[in-house]
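Participant: Just one file: structure_30.pdb, with PDB, C-alpha atoms and all ligand atoms.
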```
ATOM      1  CA  ARG B   1       0.000   0.000   0.000  1.00  0.00           C
ATOM      2  CA  ALA B   2       1.092   3.539  -0.756  1.00  0.00           C
ATOM      3  CA  GLU B   3       2.322   5.752   2.033  1.00  0.00           C
ATOM      4  CA  ILE B   4       2.900   9.484   2.428  1.00  0.00           C
ATOM      5  CA  ALA B   5       5.006  10.850   5.272  1.00  0.00           C
ATOM      6  CA  PHE B   6       4.623  14.105   7.200  1.00  0.00           C
ATOM      7  CA  ILE B   7       7.569  15.763   8.865  1.00  0.00           C
ATOM      8  CA  GLY B   8       8.598  19.119  10.313  1.00  0.00           C
ATOM      9  CA  ARG B   9      10.080  20.930  13.278  1.00  0.00           C
ATOM     10  CA  SER B  10       8.424  20.165  16.562  1.00  0.00           C
ATOM     11  CA  ASN B  11       5.503  22.529  17.195  1.00  0.00           C
ATOM     12  CA  VAL B  12       5.166  23.362  13.476  1.00  0.00           C
ATOM     13  CA  GLY B  13       1.528  22.212  13.611  1.00  0.00           C
ATOM     14  CA  LYS B  14       1.935  18.686  12.270  1.00  0.00           C
ATOM     15  CA  SER B  15      -0.619  16.986  14.510  1.00  0.00           C
ATOM     16  CA  SER B  16      -3.123  19.756  13.804  1.00  0.00           C
ATOM     17  CA  LEU B  17      -2.613  19.481  10.049  1.00  0.00           C
ATOM     18  CA  ILE B  18      -2.941  15.702  10.120  1.00  0.00           C
ATOM     19  CA  ASN B  19      -6.154  16.081  12.108  1.00  0.00           C
ATOM     20  CA  MET B  20      -7.428  18.610   9.601  1.00  0.00           C
ATOM     21  CA  LEU B  21      -6.705  16.300   6.685  1.00  0.00           C
ATOM     22  CA  THR B  22      -8.176  13.226   8.244  1.00  0.00           C
ATOM     23  CA  GLY B  23     -11.044  15.036   9.894  1.00  0.00           C
ATOM     24  CA  VAL B  24     -10.837  13.166  13.152  1.00  0.00           C
ATOM     25  CA  LYS B  25      -9.181  13.940  16.432  1.00  0.00           C
ATOM     26  CA  GLU B  26      -8.273  10.419  17.397  1.00  0.00           C
ATOM     27  CA  LEU B  27      -7.066   8.201  14.618  1.00  0.00           C
ATOM     28  CA  ALA B  28      -6.648   4.496  15.064  1.00  0.00           C
ATOM     29  CA  LYS B  29      -2.961   3.829  15.017  1.00  0.00           C
ATOM     30  CA  THR B  30      -2.047   0.762  13.043  1.00  0.00           C
ATOM     31  CA  SER B  31       0.270  -1.684  14.673  1.00  0.00           C
ATOM     32  CA  GLN B  32       3.939  -0.878  14.363  1.00  0.00           C
ATOM     33  CA  LYS B  33       6.023  -2.772  11.859  1.00  0.00           C
ATOM     34  CA  PRO B  34       8.359  -5.138  13.681  1.00  0.00           C
ATOM     35  CA  GLY B  35      11.692  -3.499  14.279  1.00  0.00           C
ATOM     36  CA  LYS B  36      10.342  -0.028  13.623  1.00  0.00           C
ATOM     37  CA  THR B  37      10.704   2.472  16.374  1.00  0.00           C
ATOM     38  CA  GLN B  38       7.576   3.416  18.241  1.00  0.00           C
ATOM     39  CA  LEU B  39       8.261   7.007  17.291  1.00  0.00           C
ATOM     40  CA  ILE B  40       6.919   6.498  13.782  1.00  0.00           C
ATOM     41  CA  ASN B  41       3.117   6.374  13.735  1.00  0.00           C
ATOM     42  CA  HIS B  42       1.180   4.938  10.839  1.00  0.00           C
ATOM     43  CA  PHE B  43      -2.361   6.153  10.236  1.00  0.00           C
ATOM     44  CA  THR B  44      -4.600   4.126   7.972  1.00  0.00           C
ATOM     45  CA  ILE B  45      -6.532   6.483   5.701  1.00  0.00           C
ATOM     46  CA  ASP B  46      -8.278   4.016   3.433  1.00  0.00           C
ATOM     47  CA  ASP B  47      -7.441   0.780   1.650  1.00  0.00           C
ATOM     48  CA  ARG B  48      -5.253   2.651  -0.837  1.00  0.00           C
ATOM     49  CA  TRP B  49      -2.777   4.420   1.394  1.00  0.00           C
ATOM     50  CA  TYR B  50      -1.692   5.367   4.848  1.00  0.00           C
ATOM     51  CA  LEU B  51      -0.208   8.458   6.366  1.00  0.00           C
ATOM     52  CA  VAL B  52       3.054   8.253   8.255  1.00  0.00           C
ATOM     53  CA  ASP B  53       3.678  10.701  11.078  1.00  0.00           C
ATOM     54  CA  LEU B  54       7.437  11.134  11.472  1.00  0.00           C
ATOM     55  CA  PRO B  55       8.833  12.593  14.685  1.00  0.00           C
ATOM     56  CA  GLY B  56       9.624  16.308  14.597  1.00  0.00           C
ATOM     57  CA  TYR B  57      13.103  17.694  14.319  1.00  0.00           C
ATOM     58  CA  GLY B  58      14.693  20.819  15.726  1.00  0.00           C
ATOM     59  CA  PHE B  59      14.035  20.361  19.426  1.00  0.00           C
ATOM     60  CA  ALA B  60      15.801  23.166  21.238  1.00  0.00           C
ATOM     61  CA  LYS B  61      17.381  20.959  23.851  1.00  0.00           C
ATOM     62  CA  VAL B  62      18.380  17.595  22.572  1.00  0.00           C
ATOM     63  CA  SER B  63      21.614  15.710  23.082  1.00  0.00           C
ATOM     64  CA  LYS B  64      23.981  15.113  20.180  1.00  0.00           C
ATOM     65  CA  ASP B  65      23.399  11.412  20.656  1.00  0.00           C
ATOM     66  CA  LYS B  66      19.637  11.767  20.263  1.00  0.00           C
ATOM     67  CA  LYS B  67      20.076  13.988  17.228  1.00  0.00           C
ATOM     68  CA  VAL B  68      22.299  11.415  15.528  1.00  0.00           C
ATOM     69  CA  LYS B  69      19.781   8.665  16.341  1.00  0.00           C
ATOM     70  CA  TRP B  70      16.943  10.766  14.933  1.00  0.00           C
ATOM     71  CA  GLU B  71      18.850  11.465  11.735  1.00  0.00           C
ATOM     72  CA  LYS B  72      19.667   7.818  11.239  1.00  0.00           C
ATOM     73  CA  MET B  73      16.097   6.714  11.863  1.00  0.00           C
ATOM     74  CA  ILE B  74      14.654   9.294   9.481  1.00  0.00           C
ATOM     75  CA  SER B  75      17.193   8.741   6.736  1.00  0.00           C
ATOM     76  CA  ASP B  76      16.802   4.952   7.014  1.00  0.00           C
ATOM     77  CA  TYR B  77      13.078   5.349   6.826  1.00  0.00           C
ATOM     78  CA  LEU B  78      12.932   7.840   3.960  1.00  0.00           C
ATOM     79  CA  THR B  79      15.516   6.156   1.764  1.00  0.00           C
ATOM     80  CA  ASN B  80      14.316   2.571   2.153  1.00  0.00           C
ATOM     81  CA  ARG B  81      10.576   2.759   1.612  1.00  0.00           C
ATOM     82  CA  ALA B  82       9.503   1.203  -1.674  1.00  0.00           C
ATOM     83  CA  ASN B  83       5.925   2.382  -1.108  1.00  0.00           C
ATOM     84  CA  LEU B  84       6.740   5.949  -0.139  1.00  0.00           C
ATOM     85  CA  CYS B  85       5.019   8.294  -2.613  1.00  0.00           C
ATOM     86  CA  GLY B  86       6.401  11.418  -1.064  1.00  0.00           C
ATOM     87  CA  VAL B  87       7.070  13.395   2.063  1.00  0.00           C
ATOM     88  CA  ILE B  88       5.178  16.529   3.045  1.00  0.00           C
ATOM     89  CA  VAL B  89       7.562  18.912   4.791  1.00  0.00           C
ATOM     90  CA  LEU B  90       5.809  21.349   7.118  1.00  0.00           C
ATOM     91  CA  ILE B  91       7.109  24.895   7.382  1.00  0.00           C
ATOM     92  CA  ASP B  92       5.830  27.475   9.879  1.00  0.00           C
ATOM     93  CA  SER B  93       4.566  30.348   7.713  1.00  0.00           C
ATOM     94  CA  ARG B  94       5.342  32.875  10.456  1.00  0.00           C
ATOM     95  CA  LEU B  95       9.081  32.352  10.440  1.00  0.00           C
ATOM     96  CA  GLU B  96      12.005  33.526   8.385  1.00  0.00           C
ATOM     97  CA  PRO B  97      13.548  30.609   6.476  1.00  0.00           C
ATOM     98  CA  GLN B  98      15.135  28.304   9.045  1.00  0.00           C
ATOM     99  CA  THR B  99      18.459  26.628   8.301  1.00  0.00           C
ATOM    100  CA  ILE B 100      17.299  23.297   9.704  1.00  0.00           C
ATOM    101  CA  ASP B 101      14.327  23.230   7.298  1.00  0.00           C
ATOM    102  CA  LEU B 102      16.447  24.212   4.306  1.00  0.00           C
ATOM    103  CA  GLU B 103      19.027  21.579   5.207  1.00  0.00           C
ATOM    104  CA  PHE B 104      16.368  18.912   5.475  1.00  0.00           C
ATOM    105  CA  LEU B 105      14.829  19.853   2.116  1.00  0.00           C
ATOM    106  CA  ASN B 106      18.273  19.918   0.559  1.00  0.00           C
ATOM    107  CA  TRP B 107      18.908  16.443   1.913  1.00  0.00           C
ATOM    108  CA  CYS B 108      15.618  15.207   0.380  1.00  0.00           C
ATOM    109  CA  GLY B 109      16.758  16.587  -2.958  1.00  0.00           C
ATOM    110  CA  GLU B 110      20.135  14.894  -2.716  1.00  0.00           C
ATOM    111  CA  GLU B 111      18.607  11.561  -1.727  1.00  0.00           C
ATOM    112  CA  GLY B 112      15.911  11.751  -4.380  1.00  0.00           C
ATOM    113  CA  VAL B 113      13.118  11.703  -1.787  1.00  0.00           C
ATOM    114  CA  PRO B 114      10.109  13.354  -3.487  1.00  0.00           C
ATOM    115  CA  PHE B 115       8.731  16.137  -1.334  1.00  0.00           C
ATOM    116  CA  ALA B 116       6.181  18.946  -1.242  1.00  0.00           C
ATOM    117  CA  VAL B 117       6.020  21.823   1.222  1.00  0.00           C
ATOM    118  CA  ALA B 118       3.042  22.679   3.423  1.00  0.00           C
ATOM    119  CA  PHE B 119       3.215  26.097   5.083  1.00  0.00           C
ATOM    120  CA  THR B 120       1.334  26.000   8.379  1.00  0.00           C
ATOM    121  CA  LYS B 121      -0.484  28.457  10.657  1.00  0.00           C
ATOM    122  CA  ALA B 122      -1.331  30.878   7.839  1.00  0.00           C
ATOM    123  CA  ASP B 123      -4.084  32.385  10.027  1.00  0.00           C
ATOM    124  CA  LYS B 124      -1.558  33.606  12.580  1.00  0.00           C
ATOM    125  CA  GLN B 125      -0.691  36.726  10.618  1.00  0.00           C
ATOM    126  CA  SER B 126      -2.083  38.873   7.815  1.00  0.00           C
ATOM    127  CA  LYS B 127      -2.503  37.379   4.371  1.00  0.00           C
ATOM    128  CA  THR B 128       0.099  39.813   3.062  1.00  0.00           C
ATOM    129  CA  GLN B 129       2.625  38.743   5.674  1.00  0.00           C
ATOM    130  CA  THR B 130       1.982  35.054   4.964  1.00  0.00           C
ATOM    131  CA  GLU B 131       2.453  35.635   1.246  1.00  0.00           C
ATOM    132  CA  LYS B 132       5.682  37.529   1.886  1.00  0.00           C
ATOM    133  CA  ASN B 133       7.089  34.775   4.114  1.00  0.00           C
ATOM    134  CA  VAL B 134       6.048  32.038   1.704  1.00  0.00           C
ATOM    135  CA  ARG B 135       7.654  33.894  -1.204  1.00  0.00           C
ATOM    136  CA  THR B 136      10.891  34.379   0.752  1.00  0.00           C
ATOM    137  CA  PHE B 137      11.033  30.701   1.605  1.00  0.00           C
ATOM    138  CA  LEU B 138      10.252  29.599  -1.952  1.00  0.00           C
ATOM    139  CA  ASN B 139      12.988  31.880  -3.258  1.00  0.00           C
ATOM    140  CA  LYS B 140      15.448  30.017  -1.049  1.00  0.00           C
ATOM    141  CA  LEU B 141      14.255  26.733  -2.540  1.00  0.00           C
ATOM    142  CA  VAL B 142      14.635  28.088  -6.063  1.00  0.00           C
ATOM    143  CA  GLU B 143      18.241  28.958  -5.153  1.00  0.00           C
ATOM    144  CA  ILE B 144      18.800  25.346  -4.092  1.00  0.00           C
ATOM    145  CA  PHE B 145      16.778  23.434  -6.671  1.00  0.00           C
ATOM    146  CA  GLY B 146      16.393  25.859  -9.560  1.00  0.00           C
ATOM    147  CA  GLU B 147      12.631  25.452  -9.424  1.00  0.00           C
ATOM    148  CA  THR B 148       9.663  25.928  -7.134  1.00  0.00           C
ATOM    149  CA  PRO B 149       8.461  22.679  -5.563  1.00  0.00           C
ATOM    150  CA  ASP B 150       4.790  21.836  -5.063  1.00  0.00           C
ATOM    151  CA  TYR B 151       3.596  23.804  -2.053  1.00  0.00           C
ATOM    152  CA  PHE B 152       0.447  24.502  -0.059  1.00  0.00           C
ATOM    153  CA  VAL B 153      -0.492  27.311   2.280  1.00  0.00           C
ATOM    154  CA  THR B 154      -2.542  25.915   5.140  1.00  0.00           C
ATOM    155  CA  SER B 155      -4.234  26.733   8.406  1.00  0.00           C
ATOM    156  CA  ALA B 156      -5.473  23.888  10.564  1.00  0.00           C
ATOM    157  CA  GLU B 157      -7.339  26.497  12.582  1.00  0.00           C
ATOM    158  CA  LYS B 158      -9.344  27.720   9.577  1.00  0.00           C
ATOM    159  CA  GLY B 159      -9.325  24.584   7.456  1.00  0.00           C
ATOM    160  CA  GLN B 160      -7.348  26.472   4.814  1.00  0.00           C
ATOM    161  CA  GLY B 161      -5.659  24.401   2.114  1.00  0.00           C
ATOM    162  CA  LYS B 162      -7.484  21.227   3.063  1.00  0.00           C
ATOM    163  CA  GLU B 163      -8.961  20.451  -0.373  1.00  0.00           C
ATOM    164  CA  GLU B 164      -5.800  21.393  -2.262  1.00  0.00           C
ATOM    165  CA  LEU B 165      -3.527  19.303  -0.081  1.00  0.00           C
ATOM    166  CA  SER B 166      -5.846  16.265   0.103  1.00  0.00           C
ATOM    167  CA  GLY B 167      -6.286  16.425  -3.668  1.00  0.00           C
ATOM    168  CA  PHE B 168      -2.525  16.445  -4.059  1.00  0.00           C
ATOM    169  CA  LEU B 169      -2.100  13.458  -1.731  1.00  0.00           C
ATOM    170  CA  TYR B 170      -4.608  11.443  -3.747  1.00  0.00           C
ATOM    171  CA  GLU B 171      -2.813  12.454  -6.950  1.00  0.00           C
ATOM    172  CA  LEU B 172       0.437  11.117  -5.504  1.00  0.00           C
ATOM    173  CA  VAL B 173      -1.261   7.853  -4.574  1.00  0.00           C
ATOM    174  CA  SER B 174      -2.856   7.529  -8.016  1.00  0.00           C
ATOM    175  CA  GLU B 175       0.488   8.120  -9.756  1.00  0.00           C
ATOM    176  CA  PHE B 176       2.053   5.522  -7.512  1.00  0.00           C
ATOM    177  CA  GLU B 177      -0.671   3.002  -8.353  1.00  0.00           C
ATOM    178  CA  ALA B 178      -0.430   3.787 -12.081  1.00  0.00           C
ATOM    179  CA  GLU B 179       3.259   2.949 -11.956  1.00  0.00           C
ATOM    180  CA  GLY B 180       2.188  -0.455 -10.656  1.00  0.00           C
ATOM    181  CA  ARG B 181       4.564  -0.385  -7.742  1.00  0.00           C
TER     182      ARG B 181
HETATM  183  P1  LIG Z   1       3.254  19.541  16.265  1.00  0.00           P
HETATM  184  O1  LIG Z   1       4.170  19.535  17.445  1.00  0.00           O
HETATM  185  O2  LIG Z   1       3.997  19.883  15.022  1.00  0.00           O
HETATM  186  O3  LIG Z   1       2.427  18.304  16.108  1.00  0.00           O
HETATM  187  O4  LIG Z   1       2.280  20.796  16.471  1.00  0.00           O
HETATM  188  P2  LIG Z   1       0.761  20.871  16.978  1.00  0.00           P
HETATM  189  O5  LIG Z   1      -0.177  20.442  15.921  1.00  0.00           O
HETATM  190  O6  LIG Z   1       0.658  20.200  18.292  1.00  0.00           O
HETATM  191  O7  LIG Z   1       0.615  22.448  17.126  1.00  0.00           O
HETATM  192  C1  LIG Z   1       1.474  23.209  17.939  1.00  0.00           C
HETATM  193  C2  LIG Z   1       0.731  24.446  18.441  1.00  0.00           C
HETATM  194  O8  LIG Z   1       0.369  25.283  17.342  1.00  0.00           O
HETATM  195  C3  LIG Z   1      -0.584  24.108  19.128  1.00  0.00           C
HETATM  196  O9  LIG Z   1      -0.751  25.006  20.176  1.00  0.00           O
HETATM  197  C4  LIG Z   1      -1.634  24.320  18.068  1.00  0.00           C
HETATM  198  O10 LIG Z   1      -2.886  24.677  18.583  1.00  0.00           O
HETATM  199  C5  LIG Z   1      -1.032  25.458  17.273  1.00  0.00           C
HETATM  200  N1  LIG Z   1      -1.444  25.399  15.851  1.00  0.00           N
HETATM  201  C6  LIG Z   1      -1.251  24.367  14.998  1.00  0.00           C
HETATM  202  N2  LIG Z   1      -1.744  24.647  13.791  1.00  0.00           N
HETATM  203  C7  LIG Z   1      -2.280  25.887  13.851  1.00  0.00           C
HETATM  204  C8  LIG Z   1      -2.933  26.754  12.901  1.00  0.00           C
HETATM  205  O11 LIG Z   1      -3.145  26.432  11.724  1.00  0.00           O
HETATM  206  N3  LIG Z   1      -3.314  27.974  13.363  1.00  0.00           N
HETATM  207  C9  LIG Z   1      -3.091  28.385  14.635  1.00  0.00           C
HETATM  208  N4  LIG Z   1      -3.484  29.611  14.981  1.00  0.00           N
HETATM  209  N5  LIG Z   1      -2.477  27.600  15.544  1.00  0.00           N
HETATM  210  C10 LIG Z   1      -2.075  26.375  15.172  1.00  0.00           C
END
```
For this file, write the structure as structure tokens.
Facilitator:
Amino acid sequence: RAEIAFIGRSNVGKSSLINMLTGVKELAKTSQKPGKTQLINHFTIDDRWYLVDLPGYGFAKVSKDKKVKWEKMISDYLTNRANLCGVIVLIDSRLEPQTIDLEFLNWCGEEGVPFAVAFTKADKQSKTQTEKNVRTFLNKLVEIFGETPDYFVTSAEKGQGKEELSGFLYELVSEFEAEGR
């Protein structure tokens, strides 16, 4: 079955966005794959695909050891999943471009992990400010990749971007199925 992963800095609004997309507060967690860390949650969406909730990065206070473990777990996961259609990288729309986010996106590019960007918490500031921040961030990505990736401006609070992002997720799943993987 196809899978799509969600990742971002802790507190970026990942749980809220996942709840918005799935429309339920408490999702039934599927049983963990043997050998997989408990930190990776799998949410069954329907019989076509499931959503994978990856642990957040960028905790302010975390030991070097934990950071290395996190990086290994995430890179093992993202580079070894035959059924992974893509990863949705969450970016807080209120912030200036953060190095940790740019580094992670750069890494996805290098590893050939297909990704799209979801800007979160768009309701937290004026529309103009959100647009400005989004544009600044996208410009950084154009510097890195030479093109603008797929992106979505969302607010879990207001339900903004729900249709666009869900539509995109189903497109990814359909492409995956069409490839007969
Ligand atoms: P996670 O750590 O990435 O899973 O982040 P959460 O989903 O738990 O959200 C972190 C905080 O941001 C919580 O206090 C949420 O209520 C708040 N939050 C998340 N999404 C939004 C949003 O779209 N708008 C607003 N105003 N607050 C949000």
Participant: Can I get the residues close to ligand LIG 1 (chain Z) as a PDB file with C-alpha atoms, keeping the file's coordinate frame, where close means within 7 Å and we count all atoms listed in the file?
Facilitator:
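Final file, selection-v2.pdb:
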```pdb
ATOM      1  CA  GLY B   8       8.598  19.119  10.313  1.00  0.00           C
ATOM      2  CA  ARG B   9      10.080  20.930  13.278  1.00  0.00           C
ATOM      3  CA  SER B  10       8.424  20.165  16.562  1.00  0.00           C
ATOM      4  CA  ASN B  11       5.503  22.529  17.195  1.00  0.00           C
ATOM      5  CA  VAL B  12       5.166  23.362  13.476  1.00  0.00           C
ATOM      6  CA  GLY B  13       1.528  22.212  13.611  1.00  0.00           C
ATOM      7  CA  LYS B  14       1.935  18.686  12.270  1.00  0.00           C
ATOM      8  CA  SER B  15      -0.619  16.986  14.510  1.00  0.00           C
ATOM      9  CA  SER B  16      -3.123  19.756  13.804  1.00  0.00           C
ATOM     10  CA  LEU B  17      -2.613  19.481  10.049  1.00  0.00           C
ATOM     11  CA  GLY B  56       9.624  16.308  14.597  1.00  0.00           C
ATOM     12  CA  THR B 120       1.334  26.000   8.379  1.00  0.00           C
ATOM     13  CA  LYS B 121      -0.484  28.457  10.657  1.00  0.00           C
ATOM     14  CA  ALA B 122      -1.331  30.878   7.839  1.00  0.00           C
ATOM     15  CA  ASP B 123      -4.084  32.385  10.027  1.00  0.00           C
ATOM     16  CA  LYS B 124      -1.558  33.606  12.580  1.00  0.00           C
ATOM     17  CA  THR B 154      -2.542  25.915   5.140  1.00  0.00           C
ATOM     18  CA  SER B 155      -4.234  26.733   8.406  1.00  0.00           C
ATOM     19  CA  ALA B 156      -5.473  23.888  10.564  1.00  0.00           C
ATOM     20  CA  GLU B 157      -7.339  26.497  12.582  1.00  0.00           C
ATOM     21  CA  LYS B 158      -9.344  27.720   9.577  1.00  0.00           C
TER      22      LYS B 158
END
```
Participant: Given the choices B:Phe6, B:Asp76, B:Ile45, B:Leu84, which gets closest to Tyr57 (chain B) if the distance is worked out from only C-alpha atoms?
Facilitator: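 Among B:Phe6, B:Asp76, B:Ile45, B:Leu84, it is B:Phe6 that comes nearest to Tyr57 (chain B).
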Participant: Box for region 15-21 of chain B: with edges along x, y and z, all listed atoms inside and 3 Å added on each side, what are the centre and edge lengths in Å to one decimal, as JSON?
Facilitator:
```
{"center_x": -4.0, "center_y": 17.7, "center_z": 10.6, "size_x": 12.8, "size_y": 10.1, "size_z": 13.8}
```
Participant: I need the residue set behind the PyMOL selection byres (((chain B and resi 97) around 12) and not hetatm) for this file; please write it as a ChimeraX atom specification.
Facilitator: /B:91-96,98-103,105,119,132-141
Participant: With C-alpha atoms retained, export the selected residues as a PDB file, keeping the file's coordinate frame.
Facilitator:
```
ATOM      1  CA  ILE B  91       7.109  24.895   7.382  1.00  0.00           C
ATOM      2  CA  ASP B  92       5.830  27.475   9.879  1.00  0.00           C
ATOM      3  CA  SER B  93       4.566  30.348   7.713  1.00  0.00           C
ATOM      4  CA  ARG B  94       5.342  32.875  10.456  1.00  0.00           C
ATOM      5  CA  LEU B  95       9.081  32.352  10.440  1.00  0.00           C
ATOM      6  CA  GLU B  96      12.005  33.526   8.385  1.00  0.00           C
ATOM      7  CA  GLN B  98      15.135  28.304   9.045  1.00  0.00           C
ATOM      8  CA  THR B  99      18.459  26.628   8.301  1.00  0.00           C
ATOM      9  CA  ILE B 100      17.299  23.297   9.704  1.00  0.00           C
ATOM     10  CA  ASP B 101      14.327  23.230   7.298  1.00  0.00           C
ATOM     11  CA  LEU B 102      16.447  24.212   4.306  1.00  0.00           C
ATOM     12  CA  GLU B 103      19.027  21.579   5.207  1.00  0.00           C
ATOM     13  CA  LEU B 105      14.829  19.853   2.116  1.00  0.00           C
ATOM     14  CA  PHE B 119       3.215  26.097   5.083  1.00  0.00           C
ATOM     15  CA  LYS B 132       5.682  37.529   1.886  1.00  0.00           C
ATOM     16  CA  ASN B 133       7.089  34.775   4.114  1.00  0.00           C
ATOM     17  CA  VAL B 134       6.048  32.038   1.704  1.00  0.00           C
ATOM     18  CA  ARG B 135       7.654  33.894  -1.204  1.00  0.00           C
ATOM     19  CA  THR B 136      10.891  34.379   0.752  1.00  0.00           C
ATOM     20  CA  PHE B 137      11.033  30.701   1.605  1.00  0.00           C
ATOM     21  CA  LEU B 138      10.252  29.599  -1.952  1.00  0.00           C
ATOM     22  CA  ASN B 139      12.988  31.880  -3.258  1.00  0.00           C
ATOM     23  CA  LYS B 140      15.448  30.017  -1.049  1.00  0.00           C
ATOM     24  CA  LEU B 141      14.255  26.733  -2.540  1.00  0.00           C
TER      25      LEU B 141
END
```
Participant: For the file shown, report as a ChimeraX atom specification the outcome of the PyMOL selection byres (((chain B and resi 52) around 7) and not hetatm) at residue level.
Facilitator: /B:3-6,40-43,50-51,53-54
Participant: As an exercise, work out the distance from CA of Pro149 (chain B) to CA of Lys67 (chain B) in Å and give it to one decimal place.
Facilitator: 27.0 Å
Participant: Quick one: which residues end up in the PyMOL selection byres (((chain B and resi 75) around 12) and not hetatm) for this structure, as a PDB file with C-alpha atoms, in the coordinates of the input?
Facilitator:
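Output saved as selection-v2.pdb:
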```pdb
ATOM      1  CA  LEU B  54       7.437  11.134  11.472  1.00  0.00           C
ATOM      2  CA  VAL B  68      22.299  11.415  15.528  1.00  0.00           C
ATOM      3  CA  LYS B  69      19.781   8.665  16.341  1.00  0.00           C
ATOM      4  CA  TRP B  70      16.943  10.766  14.933  1.00  0.00           C
ATOM      5  CA  GLU B  71      18.850  11.465  11.735  1.00  0.00           C
ATOM      6  CA  LYS B  72      19.667   7.818  11.239  1.00  0.00           C
ATOM      7  CA  MET B  73      16.097   6.714  11.863  1.00  0.00           C
ATOM      8  CA  ILE B  74      14.654   9.294   9.481  1.00  0.00           C
ATOM      9  CA  ASP B  76      16.802   4.952   7.014  1.00  0.00           C
ATOM     10  CA  TYR B  77      13.078   5.349   6.826  1.00  0.00           C
ATOM     11  CA  LEU B  78      12.932   7.840   3.960  1.00  0.00           C
ATOM     12  CA  THR B  79      15.516   6.156   1.764  1.00  0.00           C
ATOM     13  CA  ASN B  80      14.316   2.571   2.153  1.00  0.00           C
ATOM     14  CA  ARG B  81      10.576   2.759   1.612  1.00  0.00           C
ATOM     15  CA  PHE B 104      16.368  18.912   5.475  1.00  0.00           C
ATOM     16  CA  TRP B 107      18.908  16.443   1.913  1.00  0.00           C
ATOM     17  CA  CYS B 108      15.618  15.207   0.380  1.00  0.00           C
ATOM     18  CA  GLU B 110      20.135  14.894  -2.716  1.00  0.00           C
ATOM     19  CA  GLU B 111      18.607  11.561  -1.727  1.00  0.00           C
ATOM     20  CA  GLY B 112      15.911  11.751  -4.380  1.00  0.00           C
ATOM     21  CA  VAL B 113      13.118  11.703  -1.787  1.00  0.00           C
TER      22      VAL B 113
END
```
Participant: Residues near Ala2 (chain B), anyone? I mean within 9 Å using only C-alpha atoms, not counting same-chain ones fewer than 5 positions away, as a ChimeraX atom specification.
Facilitator: /B:48-51,82-85,172-173,176-177,181
Participant: For the atom pair CA of Asp150 (chain B) and CA of Asn106 (chain B), what is the interatomic distance in Å to one decimal place?
Facilitator: 14.7 Å
Participant: Given the choices B:Met20, B:Gln125, B:Ile7, B:Ile88, which gets closest to Gln160 (chain B) if the distance is worked out from all atoms listed in the file?
Facilitator: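 Among the listed residues, B:Met20 lies closest to Gln160 (chain B).
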